[in-house]
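What follows is the content of upload25.pdb (PDB, C-alpha atoms).
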MODEL        1
ATOM      1  CA  MET A 219     116.077 194.226  56.799
ATOM      2  CA  ARG A 220     113.082 194.096  54.468
ATOM      3  CA  PRO A 221     109.600 194.293  56.039
ATOM      4  CA  ALA A 222     108.562 191.002  54.444
ATOM      5  CA  LEU A 223     111.562 189.249  55.999
ATOM      6  CA  TYR A 224     110.738 190.760  59.400
ATOM      7  CA  ALA A 225     107.219 189.369  59.042
ATOM      8  CA  CYS A 226     108.457 185.867  58.186
ATOM      9  CA  LEU A 227     110.861 185.881  61.144
ATOM     10  CA  ALA A 228     108.082 186.996  63.457
ATOM     11  CA  ILE A 229     105.902 184.118  62.326
ATOM     12  CA  LEU A 230     108.695 181.589  62.783
ATOM     13  CA  LEU A 231     109.547 182.919  66.238
ATOM     14  CA  ALA A 232     105.903 182.726  67.222
ATOM     15  CA  LEU A 233     105.618 179.065  66.291
ATOM     16  CA  PRO A 234     105.760 176.789  69.344
ATOM     17  CA  THR A 235     108.600 174.356  69.915
ATOM     18  CA  ALA A 236     108.606 171.090  71.814
ATOM     19  CA  ALA A 237     110.322 172.840  74.733
ATOM     20  CA  ASP A 238     107.414 175.296  75.027
ATOM     21  CA  THR A 239     104.666 172.701  75.130
ATOM     22  CA  PRO A 240     102.747 171.775  78.277
ATOM     23  CA  LYS A 241     104.063 168.785  80.162
ATOM     24  CA  VAL A 242     101.199 166.387  80.809
ATOM     25  CA  THR A 243     101.023 163.597  83.349
ATOM     26  CA  PRO A 244      98.813 160.518  82.938
ATOM     27  CA  ASP A 245      95.097 161.039  83.321
ATOM     28  CA  GLY A 246      94.680 158.495  86.106
ATOM     29  CA  THR A 247      96.649 155.399  87.008
ATOM     30  CA  MET A 248      97.881 152.616  84.751
ATOM     31  CA  TRP A 249      94.924 150.675  83.383
ATOM     32  CA  ASN A 250      94.074 147.200  84.564
ATOM     33  CA  THR A 251      94.867 144.556  81.919
ATOM     34  CA  SER A 252      93.953 141.438  83.893
ATOM     35  CA  PRO A 253      94.197 138.584  83.026
ATOM     36  CA  GLY A 254      96.774 139.707  80.471
ATOM     37  CA  PHE A 255      97.632 138.316  77.058
ATOM     38  CA  ALA A 256      98.073 134.555  77.039
ATOM     39  CA  LEU A 257     101.699 134.930  75.964
ATOM     40  CA  SER A 258     105.139 134.647  77.537
ATOM     41  CA  LYS A 259     106.256 137.697  79.513
ATOM     42  CA  LYS A 260     108.741 138.539  76.767
ATOM     43  CA  LEU A 261     105.937 138.681  74.220
ATOM     44  CA  ARG A 262     103.594 140.508  76.601
ATOM     45  CA  ARG A 263     106.278 143.184  76.994
ATOM     46  CA  SER A 264     106.604 143.709  73.237
ATOM     47  CA  LEU A 265     103.310 145.425  72.356
ATOM     48  CA  SER A 266     104.204 147.997  69.698
ATOM     49  CA  GLY A 267     101.051 148.981  67.792
ATOM     50  CA  ILE A 268      97.287 149.102  68.137
ATOM     51  CA  ALA A 269      94.359 149.609  65.750
ATOM     52  CA  CYS A 270      90.933 150.201  67.264
ATOM     53  CA  SER A 271      87.435 150.446  65.892
ATOM     54  CA  SER A 272      85.859 153.889  65.664
ATOM     55  CA  GLU A 273      85.207 155.989  68.745
ATOM     56  CA  SER A 274      82.459 154.688  70.958
ATOM     57  CA  ASP A 275      81.213 155.200  74.488
ATOM     58  CA  GLY A 276      80.854 151.438  74.841
ATOM     59  CA  PRO A 277      83.427 148.629  74.582
ATOM     60  CA  ARG A 278      85.703 148.846  71.547
ATOM     61  CA  ARG A 279      87.616 146.025  69.910
ATOM     62  CA  CYS A 280      91.255 146.659  69.013
ATOM     63  CA  ILE A 281      93.982 144.696  67.272
ATOM     64  CA  ALA A 282      97.282 144.736  69.194
ATOM     65  CA  VAL A 283     100.559 143.866  67.454
ATOM     66  CA  PHE A 284     103.932 142.879  68.862
ATOM     67  CA  ASP A 285     107.528 143.287  67.758
ATOM     68  CA  GLU A 286     108.190 139.646  68.614
ATOM     69  CA  GLY A 287     106.803 136.667  66.696
ATOM     70  CA  GLY A 288     104.303 136.832  63.875
ATOM     71  CA  GLU A 289     100.812 137.087  65.364
ATOM     72  CA  ALA A 290      98.445 139.765  66.632
ATOM     73  CA  ARG A 291      95.763 139.605  69.333
ATOM     74  CA  TYR A 292      92.451 141.299  70.059
ATOM     75  CA  ALA A 293      91.979 143.556  73.060
ATOM     76  CA  MET A 294      88.843 145.289  74.299
ATOM     77  CA  ILE A 295      88.750 148.834  75.660
ATOM     78  CA  ASP A 296      85.980 149.029  78.232
ATOM     79  CA  GLY A 297      85.908 152.025  80.523
ATOM     80  CA  GLU A 298      89.358 152.333  82.104
ATOM     81  CA  ARG A 299      90.372 148.771  81.264
ATOM     82  CA  LEU A 300      92.245 147.135  78.409
ATOM     83  CA  ILE A 301      91.091 143.511  78.319
ATOM     84  CA  PRO A 302      93.316 141.138  76.292
ATOM     85  CA  GLN A 303      91.451 138.467  74.352
ATOM     86  CA  PRO A 304      92.654 134.901  73.720
ATOM     87  CA  GLU A 305      92.081 134.640  69.948
ATOM     88  CA  ARG A 306      95.164 134.573  67.734
ATOM     89  CA  ILE A 307      95.409 136.566  64.506
ATOM     90  CA  LEU A 308      98.091 134.830  62.474
ATOM     91  CA  LEU A 309      99.998 137.192  60.196
ATOM     92  CA  LEU A 310     103.369 135.611  59.463
ATOM     93  CA  ALA A 311     103.359 131.836  59.103
ATOM     94  CA  GLY A 312     106.180 129.798  60.567
ATOM     95  CA  ASN A 313     108.629 130.873  63.248
ATOM     96  CA  GLY A 314     109.816 134.122  61.682
ATOM     97  CA  GLU A 315     109.765 137.533  63.340
ATOM     98  CA  LEU A 316     107.538 140.096  61.651
ATOM     99  CA  ASP A 317     108.779 142.784  64.035
ATOM    100  CA  ALA A 318     105.363 144.429  63.772
ATOM    101  CA  GLU A 319     105.721 148.079  64.763
ATOM    102  CA  GLY A 320     102.544 149.795  63.616
ATOM    103  CA  ALA A 321      98.826 149.165  63.210
ATOM    104  CA  ALA A 322      95.968 151.331  61.963
ATOM    105  CA  SER A 323      92.384 151.044  60.734
ATOM    106  CA  ASP A 324      90.330 152.865  58.121
ATOM    107  CA  ALA A 325      87.145 152.207  56.164
ATOM    108  CA  GLY A 326      86.625 148.569  57.139
ATOM    109  CA  PHE A 327      90.259 147.483  57.056
ATOM    110  CA  ALA A 328      93.060 147.133  59.572
ATOM    111  CA  TYR A 329      96.687 147.433  58.506
ATOM    112  CA  VAL A 330      99.845 146.089  60.157
ATOM    113  CA  THR A 331     103.411 146.906  59.164
ATOM    114  CA  GLY A 332     106.698 145.257  59.961
ATOM    115  CA  SER A 333     109.697 147.436  60.736
ATOM    116  CA  HIS A 334     111.447 146.620  57.419
ATOM    117  CA  SER A 335     114.704 146.669  59.398
ATOM    118  CA  ARG A 336     117.541 144.357  60.281
ATOM    119  CA  LYS A 337     117.727 142.814  63.745
ATOM    120  CA  ARG A 338     118.850 145.305  66.343
ATOM    121  CA  ALA A 339     121.548 143.518  68.331
ATOM    122  CA  SER A 340     123.143 141.349  65.643
ATOM    123  CA  CYS A 341     122.387 143.382  62.499
ATOM    124  CA  ALA A 342     121.326 140.098  60.931
ATOM    125  CA  ALA A 343     119.082 140.414  57.891
ATOM    126  CA  ASN A 344     115.386 139.906  58.662
ATOM    127  CA  PRO A 345     113.339 139.644  55.445
ATOM    128  CA  ASP A 346     110.345 138.619  57.579
ATOM    129  CA  SER A 347     110.071 142.239  58.745
ATOM    130  CA  ARG A 348     109.439 143.457  55.181
ATOM    131  CA  HIS A 349     105.684 142.942  55.118
ATOM    132  CA  VAL A 350     102.584 145.081  55.326
ATOM    133  CA  TYR A 351      99.254 143.317  55.852
ATOM    134  CA  ARG A 352      95.665 144.340  55.184
ATOM    135  CA  LEU A 353      92.877 142.707  57.213
ATOM    136  CA  ALA A 354      89.205 142.987  56.239
ATOM    137  CA  LEU A 355      87.097 143.718  59.317
ATOM    138  CA  GLN A 356      83.574 142.876  60.397
ATOM    139  CA  PRO A 357      81.451 145.675  61.912
ATOM    140  CA  ASP A 358      82.399 144.447  65.409
ATOM    141  CA  GLY A 359      86.112 144.917  64.686
ATOM    142  CA  ARG A 360      86.939 141.242  64.227
ATOM    143  CA  VAL A 361      88.797 140.032  61.174
ATOM    144  CA  GLN A 362      86.392 138.561  58.636
ATOM    145  CA  LEU A 363      86.446 134.803  59.032
ATOM    146  CA  SER A 364      86.205 134.217  55.295
ATOM    147  CA  SER A 365      89.286 136.275  54.454
ATOM    148  CA  GLN A 366      93.011 135.934  54.946
ATOM    149  CA  PRO A 367      95.514 138.716  55.630
ATOM    150  CA  VAL A 368      96.560 140.269  52.311
ATOM    151  CA  ASP A 369     100.313 140.789  51.975
ATOM    152  CA  ASP A 370     101.777 143.750  50.095
ATOM    153  CA  GLN A 371     104.107 141.264  48.342
ATOM    154  CA  GLY A 372     107.169 143.400  48.988
ATOM    155  CA  ARG A 373     105.841 146.494  47.209
ATOM    156  CA  LEU A 374     106.716 148.838  50.064
ATOM    157  CA  TRP A 375     110.209 147.372  50.415
ATOM    158  CA  ARG A 376     110.900 147.831  46.725
ATOM    159  CA  LEU A 377     109.644 151.409  46.908
ATOM    160  CA  LEU A 378     111.866 152.166  49.904
ATOM    161  CA  SER A 379     114.905 150.571  48.268
ATOM    162  CA  ALA A 380     114.470 152.641  45.094
ATOM    163  CA  ASP A 381     113.721 155.956  46.775
ATOM    164  CA  PRO A 382     116.584 158.436  46.284
ATOM    165  CA  GLU A 383     116.403 159.674  49.877
ATOM    166  CA  LEU A 384     115.514 156.519  51.808
ATOM    167  CA  GLY A 385     117.122 153.954  49.509
ATOM    168  CA  PRO A 386     120.682 154.453  50.822
ATOM    169  CA  PHE A 387     119.441 153.363  54.266
ATOM    170  CA  ALA A 388     117.570 150.242  53.143
ATOM    171  CA  ASP A 389     118.994 147.034  54.608
ATOM    172  CA  LYS A 390     121.579 148.874  56.719
ATOM    173  CA  CYS A 391     122.309 148.249  60.397
ATOM    174  CA  LEU A 392     120.263 150.187  62.920
ATOM    175  CA  GLY A 393     121.651 153.119  64.866
ATOM    176  CA  GLN A 394     124.944 154.844  64.256
ATOM    177  CA  ASN A 395     126.318 151.826  62.381
ATOM    178  CA  GLY A 396     124.064 152.562  59.412
ATOM    179  CA  HIS A 397     120.926 154.459  60.447
ATOM    180  CA  GLY A 398     119.014 151.726  58.652
ATOM    181  CA  ILE A 399     115.350 152.084  57.770
ATOM    182  CA  ASN A 400     113.158 151.407  60.788
ATOM    183  CA  ILE A 401     109.396 151.925  60.459
ATOM    184  CA  GLU A 402     107.742 152.435  63.850
ATOM    185  CA  GLY A 403     104.489 154.254  63.104
ATOM    186  CA  LEU A 404     101.471 153.673  60.877
ATOM    187  CA  ALA A 405      98.299 155.673  60.262
ATOM    188  CA  ALA A 406      95.458 155.162  57.787
ATOM    189  CA  ARG A 407      93.297 158.027  56.574
ATOM    190  CA  ASN A 408      91.103 158.665  53.523
ATOM    191  CA  GLY A 409      92.472 155.696  51.578
ATOM    192  CA  GLN A 410      96.105 156.594  52.276
ATOM    193  CA  LEU A 411      98.689 154.898  54.474
ATOM    194  CA  TYR A 412     101.271 156.929  56.351
ATOM    195  CA  PHE A 413     104.483 155.221  57.496
ATOM    196  CA  GLY A 414     106.513 156.959  60.217
ATOM    197  CA  PHE A 415     110.239 156.289  60.480
ATOM    198  CA  ARG A 416     112.294 156.113  63.648
ATOM    199  CA  GLU A 417     115.304 155.929  61.346
ATOM    200  CA  PRO A 418     116.783 157.344  59.264
ATOM    201  CA  ALA A 419     116.562 160.557  61.266
ATOM    202  CA  ARG A 420     119.079 163.166  60.159
ATOM    203  CA  ASP A 421     119.717 166.858  60.784
ATOM    204  CA  LYS A 422     116.869 166.946  63.331
ATOM    205  CA  LYS A 423     114.485 165.627  60.660
ATOM    206  CA  ALA A 424     112.437 162.439  60.485
ATOM    207  CA  TYR A 425     110.376 161.013  57.642
ATOM    208  CA  ILE A 426     106.757 160.148  56.873
ATOM    209  CA  LEU A 427     105.974 158.258  53.667
ATOM    210  CA  ARG A 428     102.445 158.321  52.245
ATOM    211  CA  VAL A 429     101.180 155.766  49.722
ATOM    212  CA  ALA A 430      97.827 154.786  48.252
ATOM    213  CA  ALA A 431      96.472 151.969  50.415
ATOM    214  CA  ARG A 432      94.609 150.024  47.740
ATOM    215  CA  ALA A 433      97.505 150.089  45.291
ATOM    216  CA  LEU A 434      99.891 148.757  47.929
ATOM    217  CA  PHE A 435      97.925 145.488  48.080
ATOM    218  CA  GLU A 436      96.317 145.245  44.666
ATOM    219  CA  GLY A 437      98.872 146.865  42.368
ATOM    220  CA  GLY A 438      98.786 150.143  40.508
ATOM    221  CA  ASP A 439     100.176 153.575  41.197
ATOM    222  CA  LEU A 440     101.326 153.919  44.793
ATOM    223  CA  ALA A 441     101.436 157.711  44.363
ATOM    224  CA  PRO A 442     104.217 157.937  46.968
ATOM    225  CA  ARG A 443     105.025 161.194  48.694
ATOM    226  CA  LEU A 444     107.834 161.608  51.215
ATOM    227  CA  PHE A 445     107.502 164.248  53.938
ATOM    228  CA  THR A 446     110.115 165.441  56.405
ATOM    229  CA  ILE A 447     109.244 166.706  59.864
ATOM    230  CA  GLU A 448     111.256 168.766  62.323
ATOM    231  CA  ALA A 449     111.545 166.217  65.117
ATOM    232  CA  GLY A 450     114.486 167.672  67.032
ATOM    233  CA  LYS A 451     117.912 166.313  67.881
ATOM    234  CA  ALA A 452     118.112 162.549  68.530
ATOM    235  CA  ASN A 453     114.403 162.117  67.798
ATOM    236  CA  GLY A 454     112.445 159.879  65.454
ATOM    237  CA  ILE A 455     108.804 158.931  64.923
ATOM    238  CA  ARG A 456     107.438 156.301  67.285
ATOM    239  CA  ASP A 457     103.794 156.211  66.165
ATOM    240  CA  LEU A 458     101.157 157.980  64.087
ATOM    241  CA  LEU A 459      97.431 158.320  64.734
ATOM    242  CA  ALA A 460      94.816 159.624  62.305
ATOM    243  CA  VAL A 461      92.306 162.053  63.817
ATOM    244  CA  ARG A 462      89.519 164.053  62.235
ATOM    245  CA  GLU A 463      91.684 167.097  61.503
ATOM    246  CA  GLY A 464      94.901 165.339  60.485
ATOM    247  CA  LEU A 465      97.562 163.229  62.198
ATOM    248  CA  LEU A 466      98.998 163.019  65.692
ATOM    249  CA  VAL A 467     102.720 162.236  65.644
ATOM    250  CA  LEU A 468     104.391 160.557  68.618
ATOM    251  CA  VAL A 469     108.035 161.627  68.722
ATOM    252  CA  GLY A 470     110.683 159.921  70.822
ATOM    253  CA  PRO A 471     114.275 158.682  70.846
ATOM    254  CA  ASP A 472     115.878 157.544  67.606
ATOM    255  CA  ASP A 473     117.880 154.311  67.481
ATOM    256  CA  ASP A 474     120.914 155.812  69.241
ATOM    257  CA  SER A 475     119.306 157.773  72.062
ATOM    258  CA  THR A 476     117.417 157.265  75.297
ATOM    259  CA  ASN A 477     117.500 160.463  77.346
ATOM    260  CA  VAL A 478     115.259 162.648  75.203
ATOM    261  CA  PRO A 479     111.613 163.579  75.854
ATOM    262  CA  TRP A 480     108.576 161.888  74.369
ATOM    263  CA  TRP A 481     106.115 164.355  72.893
ATOM    264  CA  ILE A 482     103.075 164.516  70.630
ATOM    265  CA  GLY A 483     102.732 166.908  67.717
ATOM    266  CA  PHE A 484     100.016 167.632  65.179
ATOM    267  CA  TRP A 485     100.142 167.763  61.380
ATOM    268  CA  ASP A 486      97.081 168.617  59.318
ATOM    269  CA  GLY A 487      98.148 166.267  56.512
ATOM    270  CA  SER A 488      98.263 169.121  54.032
ATOM    271  CA  ASP A 489      99.822 168.713  50.602
ATOM    272  CA  ALA A 490     101.044 172.311  50.701
ATOM    273  CA  GLY A 491     104.659 171.124  50.901
ATOM    274  CA  THR A 492     106.860 168.192  51.862
ATOM    275  CA  ALA A 493     108.692 169.919  54.735
ATOM    276  CA  ILE A 494     106.408 169.742  57.778
ATOM    277  CA  ARG A 495     106.727 171.818  60.905
ATOM    278  CA  LEU A 496     104.818 169.909  63.554
ATOM    279  CA  ARG A 497     102.719 171.867  66.019
ATOM    280  CA  PRO A 498     103.824 170.459  69.405
ATOM    281  CA  LEU A 499     100.876 169.663  71.656
ATOM    282  CA  ALA A 500     102.295 168.046  74.780
ATOM    283  CA  GLU A 501     105.365 166.480  76.320
ATOM    284  CA  LEU A 502     104.579 163.225  78.106
ATOM    285  CA  LYS A 503     105.673 163.011  81.725
ATOM    286  CA  LEU A 504     106.060 159.294  82.245
ATOM    287  CA  PRO A 505     105.779 157.713  85.705
ATOM    288  CA  ALA A 506     108.432 155.569  87.297
ATOM    289  CA  VAL A 507     107.906 151.826  87.059
ATOM    290  CA  SER A 508     108.855 149.001  89.364
ATOM    291  CA  GLY A 509     111.466 147.454  87.093
ATOM    292  CA  ASP A 510     110.155 143.937  87.687
ATOM    293  CA  ASP A 511     109.515 141.307  85.011
ATOM    294  CA  CYS A 512     106.304 143.002  83.874
ATOM    295  CA  GLN A 513     107.163 146.673  84.354
ATOM    296  CA  ARG A 514     110.657 146.983  82.987
ATOM    297  CA  GLU A 515     110.549 150.268  81.052
ATOM    298  CA  ILE A 516     107.979 152.652  79.601
ATOM    299  CA  LYS A 517     108.753 153.217  75.924
ATOM    300  CA  PRO A 518     105.634 154.695  74.241
ATOM    301  CA  GLU A 519     105.093 153.043  70.869
ATOM    302  CA  ALA A 520     101.331 152.929  70.260
ATOM    303  CA  MET A 521      98.427 155.389  70.437
ATOM    304  CA  THR A 522      94.679 155.211  70.082
ATOM    305  CA  LEU A 523      92.048 157.888  70.519
ATOM    306  CA  LEU A 524      89.698 157.654  73.500
ATOM    307  CA  ALA A 525      87.842 160.970  73.245
ATOM    308  CA  ASP A 526      87.882 164.055  71.028
ATOM    309  CA  GLY A 527      86.714 167.111  72.967
ATOM    310  CA  PRO A 528      86.408 170.761  71.947
ATOM    311  CA  ASP A 529      89.890 171.698  73.167
ATOM    312  CA  PHE A 530      91.519 168.354  74.028
ATOM    313  CA  ARG A 531      91.972 164.775  72.893
ATOM    314  CA  ARG A 532      92.198 161.898  75.344
ATOM    315  CA  VAL A 533      94.731 159.406  74.035
ATOM    316  CA  LEU A 534      95.701 155.954  75.271
ATOM    317  CA  ILE A 535      99.458 155.335  75.123
ATOM    318  CA  LEU A 536     100.900 151.815  75.188
ATOM    319  CA  SER A 537     104.546 150.983  75.703
ATOM    320  CA  ASP A 538     107.086 148.420  74.663
ATOM    321  CA  GLY A 539     108.806 147.117  77.793
ATOM    322  CA  MET A 540     105.568 146.810  79.803
ATOM    323  CA  CYS A 541     103.301 143.781  80.037
ATOM    324  CA  ASP A 542     100.218 144.331  77.866
ATOM    325  CA  GLY A 543     101.547 147.774  76.952
ATOM    326  CA  GLY A 544     101.151 149.269  80.430
ATOM    327  CA  PRO A 545      98.231 151.432  79.218
ATOM    328  CA  LEU A 546      98.244 155.083  80.289
ATOM    329  CA  ALA A 547      95.668 157.691  79.253
ATOM    330  CA  PHE A 548      96.761 161.286  78.606
ATOM    331  CA  ARG A 549      94.647 164.388  78.077
ATOM    332  CA  ILE A 550      96.355 166.230  75.214
ATOM    333  CA  PRO A 551      95.447 169.872  74.511
ATOM    334  CA  LYS A 552      94.568 170.681  70.899
TER     335      LYS A 552
ENDMDL
END

As structure tokens, please, write out the structure in this file.
Amino acid sequence: MRPALYACLAILLALPTAADTPKVTPDGTMWNTSPGFALSKKLRRSLSGIACSSESDGPRRCIAVFDEGGEARYAMIDGERLIPQPERILLLAGNGELDAEGAASDAGFAYVTGSHSRKRASCAANPDSRHVYRLALQPDGRVQLSSQPVDDQGRLWRLLSADPELGPFADKCLGQNGHGINIEGLAARNGQLYFGFREPARDKKAYILRVAARALFEGGDLAPRLFTIEAGKANGIRDLLAVREGLLVLVGPDDDSTNVPWWIGFWDGSDAGTAIRLRPLAELKLPAVSGDDCQREIKPEAMTLLADGPDFRRVLILSDGMCDGGPLAFRIPK
């Protein structure tokens, strides 16, 4: 075997895999969310994305989104508490279901994306999920009172439908019946939006699509770039989070699976290529829950950064299936 090939194999073998990563338990108990969101229990259990103002030692205002209905809500992070706020942020007018699955903030704006997928149980078409919204923020993290959410006017959906790799999965049923497009993660960084896909996920690979944020809402060149990541068997992307050095990627079950681990990997966001090998950072060891009306199941679907230390990041994880997201903090090694 040639020396150069030996060297490449040595590098590949030295790269960590998800199985080799440390298994981390929550850093403390589940956070107090009293008095809870002023929503039905079904809606309270559907938190699926969060966008918070920049790091701060004091209280921080966040925008929480839900995969039921068409509105978002504010929540404050104060110490070890997540405090839901009563104000409504209307995104989708009427009684439609946005199926909001991701939220992010960058440079004075918050962004919210729908899943762009059909309904899970019935496979019924859901055009209301094919929206991305931009919200102009005040310095305190509130939406500017003088502005309305700006809709992408279907630009992302048209891009997905025309893409040679993703297009065949547009408007297909979820799971093994079609592996239809299902956006579950969103990050915003340096004027770019990154969409993470739970499906399609094929051959142990999942997808991240990057587009120019301003063009998505105002027209112009979207400059799309599609990346594939090695997510592992039966895995898809469940959320994305921009950090100073790149992106954290929350990986979990695709639309067909349940009994696979949840883990967090790191990508530096480099343009060096479109095939990404994530650097696994930690597997999440999730606690048992009571199984009552408010603690049905921990399914991590949202992340926000609490602290960025020299050799760790403290991340707040929120879950679908838990009232108010069932917030759990994890200390993730870098």

Explicit residue set for the PyMOL selection byres ((chain A and resi 374-376) around 8), as a list in words: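 What the PyMOL selection byres ((chain A and resi 374-376) around 8) grabs from the file is His334, Arg348, His349, Val350, Asp370, Gly372, Arg373, Leu377, Leu378, Ser379, Ala380 and Leu434 of chain A.
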
Output check: residues returned by the PyMOL selection byres ((chain A and resi 551) around 9), as number ranges by chain: A: 240, 499-500, 529-532, 549-550, 552

Keeping only C-alpha atoms, write those residues as an mmCIF file, in the frame of the given file.
data_model
loop_
_atom_site.group_PDB
_atom_site.id
_atom_site.type_symbol
_atom_site.label_atom_id
_atom_site.label_comp_id
_atom_site.auth_asym_id
_atom_site.auth_seq_id
_atom_site.Cartn_x
_atom_site.Cartn_y
_atom_site.Cartn_z
ATOM 1 C CA PRO A 240 102.747 171.775 78.277
ATOM 2 C CA LEU A 499 100.876 169.663 71.656
ATOM 3 C CA ALA A 500 102.295 168.046 74.780
ATOM 4 C CA ASP A 529 89.890 171.698 73.167
ATOM 5 C CA PHE A 530 91.519 168.354 74.028
ATOM 6 C CA ARG A 531 91.972 164.775 72.893
ATOM 7 C CA ARG A 532 92.198 161.898 75.344
ATOM 8 C CA ARG A 549 94.647 164.388 78.077
ATOM 9 C CA ILE A 550 96.355 166.230 75.214
ATOM 10 C CA LYS A 552 94.568 170.681 70.899
#

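Take atom CA of Ser266 of chain A and atom CA of Arg306 of chain A: the distance between them is 16.3 Å.
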
Pick from A:Val242, A:Met294, A:Cys512, A:Ala328, whichever lies nearest to Arg279 of chain A using all atoms listed in the file: A:Met294

Coordinates-based distance that separates atom CA of Thr492 of chain A from atom CA of Lys517 of chain A (Å, one decimal): 28.4 Å

Within 6 Å of segment 445-456 of chain A, counting only C-alpha atoms, which residues show up once you throw out same-chain ones fewer than 4 positions away? Write them as a short mmCIF file (atom, residue, chain, number, x, y, z; two decimals) with C-alpha atoms, in the coordinates of the input, please.
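Below is the file around35.cif, written as the result:
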data_model
loop_
_atom_site.label_atom_id
_atom_site.label_comp_id
_atom_site.auth_asym_id
_atom_site.auth_seq_id
_atom_site.Cartn_x
_atom_site.Cartn_y
_atom_site.Cartn_z
CA GLU A 402 107.74 152.44 63.85
CA GLY A 403 104.49 154.25 63.10
CA GLY A 414 106.51 156.96 60.22
CA PHE A 415 110.24 156.29 60.48
CA ARG A 416 112.29 156.11 63.65
CA ALA A 419 116.56 160.56 61.27
CA LYS A 422 116.87 166.95 63.33
CA LYS A 423 114.48 165.63 60.66
CA ALA A 424 112.44 162.44 60.48
CA TYR A 425 110.38 161.01 57.64
CA ILE A 426 106.76 160.15 56.87
CA LEU A 468 104.39 160.56 68.62
CA VAL A 469 108.04 161.63 68.72
CA GLY A 470 110.68 159.92 70.82
CA PRO A 471 114.28 158.68 70.85
CA ASP A 472 115.88 157.54 67.61
CA THR A 492 106.86 168.19 51.86
CA ALA A 493 108.69 169.92 54.74
CA ILE A 494 106.41 169.74 57.78
CA ARG A 495 106.73 171.82 60.90
CA GLU A 519 105.09 153.04 70.87
#

Explicit residue set for the PyMOL selection byres ((chain A and resi 463) around 12), as a list of chain:residue names: A:Arg407, A:Asn408, A:Leu459, A:Ala460, A:Val461, A:Arg462, A:Gly464, A:Leu465, A:Leu466, A:Phe484, A:Trp485, A:Asp486, A:Gly487, A:Ser488, A:Asp526, A:Arg531, A:Lys552

Two-atom distance - atom CA of Leu427 of chain A, atom CA of Val330 of chain A (Å):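 One can read the atom CA of Leu427 of chain A to atom CA of Val330 of chain A distance as 15.1 Å.
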
Residues within 12 Å of segment 506-510 of chain A, only C-alpha atoms, excluding chain neighbours under 4 positions, as an MDAnalysis selection string: chainID A and resid 243:244 247:248 259 263 514:517 537 539:541 544

Residues within 12 Å of Ala256 of chain A, all atoms listed in the file, excluding chain neighbours under 3 positions, as a list in words: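 So the residues in contact are Thr251, Ser252, Pro253, Lys259, Lys260, Leu261, Arg262, Arg263, Ala290, Arg291, Tyr292, Ala293, Ile301, Pro302, Gln303, Pro304, Glu305, Arg306, Cys541 and Asp542 of chain A.
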
Distance criterion (all atoms listed in the file): nearest to Arg360 of chain A out of A:Ile281, A:Ala405, A:Cys391, A:Ala431: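 Closest to Arg360 of chain A of all the choices is A:Ile281.
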
Selection as a VMD selection string: residues within 12 Å of (86.1, 152.2, 64.3), counting all atoms listed in the file: chain A and resid 269 to 281 322 to 328 355 to 360 406 460 to 461 522 to 524
